[in-house]
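S.K.: Here it is, the structure, as structure tokens.
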Amino acid sequence: RGRGAGGPLVRPGVRGRDGRGAPPRPPPAEGLFVHQEVRCENGPSTCARLSRMTQPFMAPSVLIDERNRYTELSLDRLFYATQWKDHLLLAGSSGIFDYDTRLHAWKKQAGETISAVGPCAASPSSPSCFYYGYGGRASGVALFTPKTMTGDAPSRWPLAGEQPTRIAAEAPGTAAVLTAAGRAYALAPGAISTLTNSATSSPVPLDRYRDAVTFGDKVLFFGQPGALLHDIVRRSYSPLRGVPGWLRSPASIVASSGAFLFGLERQGTSYDAYVAPQQQVELGTLYFNTSKPFRIDGPVRAIDASQPDVLRLVDGNGRVQSISAAGVTALTGGRSSAMNHTRLLDVAGTADWLAASTGEGVRLYDQRTRWWRVPLPAP
């Protein structure tokens with residue numbers, strides 16, 4: 001190492017007897033290595049440079065050219081890494097850092113507080129690129145390409161007041177961005193960003209609704225405050241302006257099946273059954289449904305909405321009823337009080353019927369509908 005600050009480590013030439021400098025000796029086969037400590041471009045004088053000389057009077061080849069040292073460069077603040085040929089790129093909350101694996105040198109390419117990164121698929125025009133989202137006063141999304149490393153300004157899409165959390169992209173210039181507020185944006189060439197999901201909030205706290213049902217990608221909350229439709233794709237909440245009383249009543253039974261909403265409103269010992277199509281719910285015209293309800297004997301013992309567009313239930317008489325937009329169909333006949341404590345004399349059956357002989361005659365039992373028929377007269 002030289003005596004002065006930053007002096008290089010070299011081998012000096014040899015002087016002859018006449019005082020003149022002797023011809024320089026050829027360097028060893030592996031070359032002559034020169035190590036220097038130089039001032040970093042970003043301030044500290046601790047950057048290292050290592051060169052190798054292989055021929056006299058020829059410029060040395062640089063092996064290590066450290067130009068910057070960054071105190072904020074810490075792996076616990078970085079969450080994305082990619083390798084582009086001789087460059088290792090790291091991105092995180094402290095910015096984007098470029099490590100030249102050939103010269104062993106770091107360079108800070110971006111100083112924004114990065115909160116999201118989304119790589120884009122390779123294309124002939126840009127074999128490597130990625131989007132990065134950042135917050136702060138001038139929040140937005142930028143596109144990092146190999147040209148960015150050589151000094152070109154990255155393409156930017158301003159998103160004022162947003163904090164990008166996820167980025168999905170397929171090609172340079174187009175991407176989808178999700179923000180911390182739940183809103184989604186579509187990015188297009190020319191710094192154009194379009195709001196695709198507004199992520200509105202509910203005007204009424206969700207815990208004030210007593211229950212909810214689903215229609216595919218829609219959720220209907222209902223209760224005393226009224227009804228609220230939540231679109232889980234667009235991340236929006238839309239209150240229904242007109243809500244029928246049966247949807248507000250705490251005693252009503254509400255279920256959905258397929259593309260229909262079913263409501264059973266208590267009327268004394270029975271229920272009024274309402275059927276509304278999903279389209280009326282989504283358009284907010286449920287209040288204008290004037291179709292006459294179907295009468296169901298109570299109490300309702302069980303309901304089943306597993307079959308699309310149909311609600312099946314067990315009514316107060318023990319019958320299984322099927323409710324649809326076309327009406328109510330009895331699937332079973334229910335209990336028969338006439339058979340209580342009846343003494344059976346004989347029984348015989350087929351695949352669908354069972355005949356029971358009693359003192360009053362022969363009764364037929366339909367095994368498909370589970371229903372006792374009127375007794376046949378005894379001979």
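Please note that chains go A, B, ... in the order of the structure tokens, that every chain numbers its residues from 1, and that ligands are numbered from 1 in the order shown.
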Can you pull out every residue within 6 Å of range 354-371 of chain A, counting only C-alpha atoms, but drop anything in the same chain fewer than 6 positions away, and send it as number ranges by chain?
M.R.: A: 331-333, 344-348, 377-378
S.K.: Identify all residues of range 24-151 of chain A in alpha helix (DSSP H) (DSSP on the backbone) and supply them as a ChimeraX atom specification.
M.R.: /A:146-149
S.K.: Which residue is closest to Val300 in chain A? Choose from A:Arg67, A:His104, A:Arg266, A:Lys218 and count only C-alpha atoms.
M.R.: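 Between A:Arg67, A:His104, A:Arg266, A:Lys218, the residue approaching Val300 in chain A most closely is A:Arg266.
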S.K.: Which residues come within 10 Å of Asp272 in chain A, counting only C-alpha atoms, excluding same-chain residues fewer than 4 positions away, as a PyMOL selection string?
M.R.: chain A and resi 246+252+263-267+292-298
S.K.: Taking N, CA and C atoms for each residue, export the selection above as a CSV table (one decimal), in the first residue's frame.
M.R.:
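Okay, this is what ended up in out.csv:
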chain,number,residue,atom,x,y,z
A,246,TRP,N,-90.6,-8.7,4.7
A,246,TRP,CA,-90.1,-10.1,5.0
A,246,TRP,C,-88.6,-10.2,5.1
A,252,SER,N,-88.4,-14.1,9.9
A,252,SER,CA,-88.4,-14.7,8.6
A,252,SER,C,-87.3,-15.6,8.4
A,263,GLY,N,-87.9,-16.4,0.6
A,263,GLY,CA,-88.2,-15.8,1.9
A,263,GLY,C,-89.5,-16.4,2.5
A,264,LEU,N,-89.4,-16.9,3.7
A,264,LEU,CA,-90.6,-17.4,4.4
A,264,LEU,C,-90.9,-16.5,5.6
A,265,GLU,N,-92.0,-15.7,5.4
A,265,GLU,CA,-92.5,-14.8,6.4
A,265,GLU,C,-93.5,-15.4,7.3
A,266,ARG,N,-93.3,-15.3,8.6
A,266,ARG,CA,-94.3,-15.9,9.5
A,266,ARG,C,-95.6,-15.1,9.5
A,267,GLN,N,-96.7,-15.9,9.4
A,267,GLN,CA,-98.1,-15.4,9.5
A,267,GLN,C,-98.9,-16.2,10.5
A,292,LYS,N,-97.8,-13.2,-5.9
A,292,LYS,CA,-98.5,-13.7,-4.7
A,292,LYS,C,-97.7,-14.8,-4.0
A,293,PRO,N,-97.6,-14.7,-2.7
A,293,PRO,CA,-96.8,-15.7,-1.9
A,293,PRO,C,-97.5,-17.0,-1.9
A,294,PHE,N,-96.8,-18.1,-1.6
A,294,PHE,CA,-97.3,-19.4,-1.4
A,294,PHE,C,-97.5,-19.7,0.1
A,295,ARG,N,-98.6,-20.4,0.4
A,295,ARG,CA,-98.8,-20.6,1.8
A,295,ARG,C,-98.2,-22.0,2.2
A,296,ILE,N,-97.5,-21.9,3.4
A,296,ILE,CA,-96.8,-23.1,3.9
A,296,ILE,C,-97.2,-23.3,5.3
A,297,ASP,N,-97.7,-24.5,5.7
A,297,ASP,CA,-98.1,-24.8,7.1
A,297,ASP,C,-96.8,-24.8,8.0
A,298,GLY,N,-97.0,-24.1,9.1
A,298,GLY,CA,-95.9,-24.1,10.1
A,298,GLY,C,-96.1,-25.1,11.2
S.K.: A:Pro299, A:Pro244, A:Asp98, A:Ala227: which is nearest Tyr274 in chain A, counting only C-alpha atoms?
M.R.: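 Ranked by minimum distance to Tyr274 in chain A, first place goes to A:Pro244.
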S.K.: Would you list, as JSON, numbers by chain, the residues of range 283-375 of chain A that end up in strand (DSSP E) under DSSP run on this structure's backbone?
M.R.: {"A": [294, 295, 296, 297, 302, 303, 304, 311, 312, 313, 314, 320, 321, 322, 323, 324, 327, 328, 329, 330, 346, 347, 348, 349, 353, 354, 355, 356, 357, 358, 361, 362, 363, 364, 365, 366, 371, 372]}
S.K.: Quick one: of A:Ser270, A:Gln278, A:Asn68, A:Asn340, who's nearest to Asp309 in chain A, counting only C-alpha atoms?
M.R.: A:Gln278
S.K.: Residues within 12 Å of Ser201 in chain A, please, as a PyMOL selection string. Count only C-alpha atoms; anything in the same chain fewer than 3 positions from it doesn't count.
M.R.: chain A and resi 181-183+197-198+204-206+228-231+234-239
S.K.: Have a look at A:Ala302, A:Val141, A:Ala191, A:Val34 and name the one nearest to Arg166 in chain A; count only C-alpha atoms.
M.R.: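 For Arg166 in chain A, the nearest of the given residues is A:Val141.
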S.K.: Grab the CA of Val213 in chain A to CA of Ile232 in chain A distance for me, in Å with one decimal place.
M.R.: 12.9 Å
S.K.: So which residues touch range 157-159 of chain A within 8 Å, counting only C-alpha atoms, skipping near sequence neighbours fewer than 6 positions away, as JSON, numbers by chain?
M.R.: {"A": [138, 139, 140, 141, 142, 187, 191, 192, 193]}
S.K.: Write out the residues from the selection above, keeping all heavy atoms, as a CSV table (one decimal), in the first residue's frame.
M.R.:
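What landed in part38.csv:
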chain,number,residue,atom,x,y,z
A,138,ALA,N,-45.9,11.3,-3.8
A,138,ALA,CA,-46.1,11.1,-5.2
A,138,ALA,C,-46.1,9.6,-5.5
A,138,ALA,O,-45.3,9.0,-6.2
A,138,ALA,CB,-44.9,11.8,-6.0
A,139,SER,N,-47.2,8.9,-4.9
A,139,SER,CA,-47.3,7.5,-5.0
A,139,SER,C,-47.7,7.1,-6.5
A,139,SER,O,-48.2,7.9,-7.2
A,139,SER,CB,-48.3,7.0,-4.0
A,139,SER,OG,-49.6,7.6,-4.3
A,140,GLY,N,-47.3,5.8,-6.8
A,140,GLY,CA,-47.7,5.3,-8.1
A,140,GLY,C,-47.0,4.0,-8.4
A,140,GLY,O,-46.6,3.3,-7.5
A,141,VAL,N,-46.9,3.8,-9.7
A,141,VAL,CA,-46.2,2.5,-10.2
A,141,VAL,C,-45.3,2.9,-11.3
A,141,VAL,O,-45.6,3.8,-12.1
A,141,VAL,CB,-47.3,1.5,-10.7
A,141,VAL,CG1,-46.6,0.3,-11.3
A,141,VAL,CG2,-48.2,1.1,-9.6
A,142,ALA,N,-44.1,2.3,-11.3
A,142,ALA,CA,-43.1,2.5,-12.4
A,142,ALA,C,-42.7,1.2,-13.0
A,142,ALA,O,-42.8,0.1,-12.4
A,142,ALA,CB,-41.9,3.3,-11.8
A,187,LEU,N,-53.4,-0.6,-15.7
A,187,LEU,CA,-52.4,0.3,-16.3
A,187,LEU,C,-52.3,0.0,-17.7
A,187,LEU,O,-52.3,-1.1,-18.2
A,187,LEU,CB,-51.1,0.1,-15.6
A,187,LEU,CG,-51.0,0.2,-14.1
A,187,LEU,CD1,-49.6,0.1,-13.6
A,187,LEU,CD2,-51.7,1.5,-13.6
A,191,ALA,N,-49.0,6.1,-19.6
A,191,ALA,CA,-49.3,6.5,-18.2
A,191,ALA,C,-50.8,6.6,-17.9
A,191,ALA,O,-51.2,7.5,-17.1
A,191,ALA,CB,-48.6,7.9,-18.0
A,192,ILE,N,-51.6,5.8,-18.5
A,192,ILE,CA,-53.0,5.8,-18.3
A,192,ILE,C,-53.4,4.7,-17.3
A,192,ILE,O,-53.0,3.6,-17.4
A,192,ILE,CB,-53.8,5.5,-19.6
A,192,ILE,CG1,-53.5,6.6,-20.7
A,192,ILE,CG2,-55.3,5.5,-19.4
A,192,ILE,CD1,-54.1,6.3,-22.0
A,193,SER,N,-54.0,5.2,-16.2
A,193,SER,CA,-54.5,4.2,-15.2
A,193,SER,C,-56.0,4.4,-15.0
A,193,SER,O,-56.5,5.5,-14.9
A,193,SER,CB,-53.8,4.5,-13.8
A,193,SER,OG,-54.1,5.8,-13.4
S.K.: Give the answer as one residue: which of A:His35, A:Met339, A:Gly92, A:Lys107 has the shortest atom-to-atom distance to Thr150 in chain A, using only C-alpha atoms?
M.R.: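 The answer is A:Lys107, which sits nearest to Thr150 in chain A.
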S.K.: Return the single residue from A:Leu32, A:Val254, A:Leu73, A:Leu376 that is closest to Ser94 in chain A, with distances computed using only C-alpha atoms.
M.R.: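 Among the listed residues, the smallest separation from Ser94 in chain A belongs to A:Leu73.
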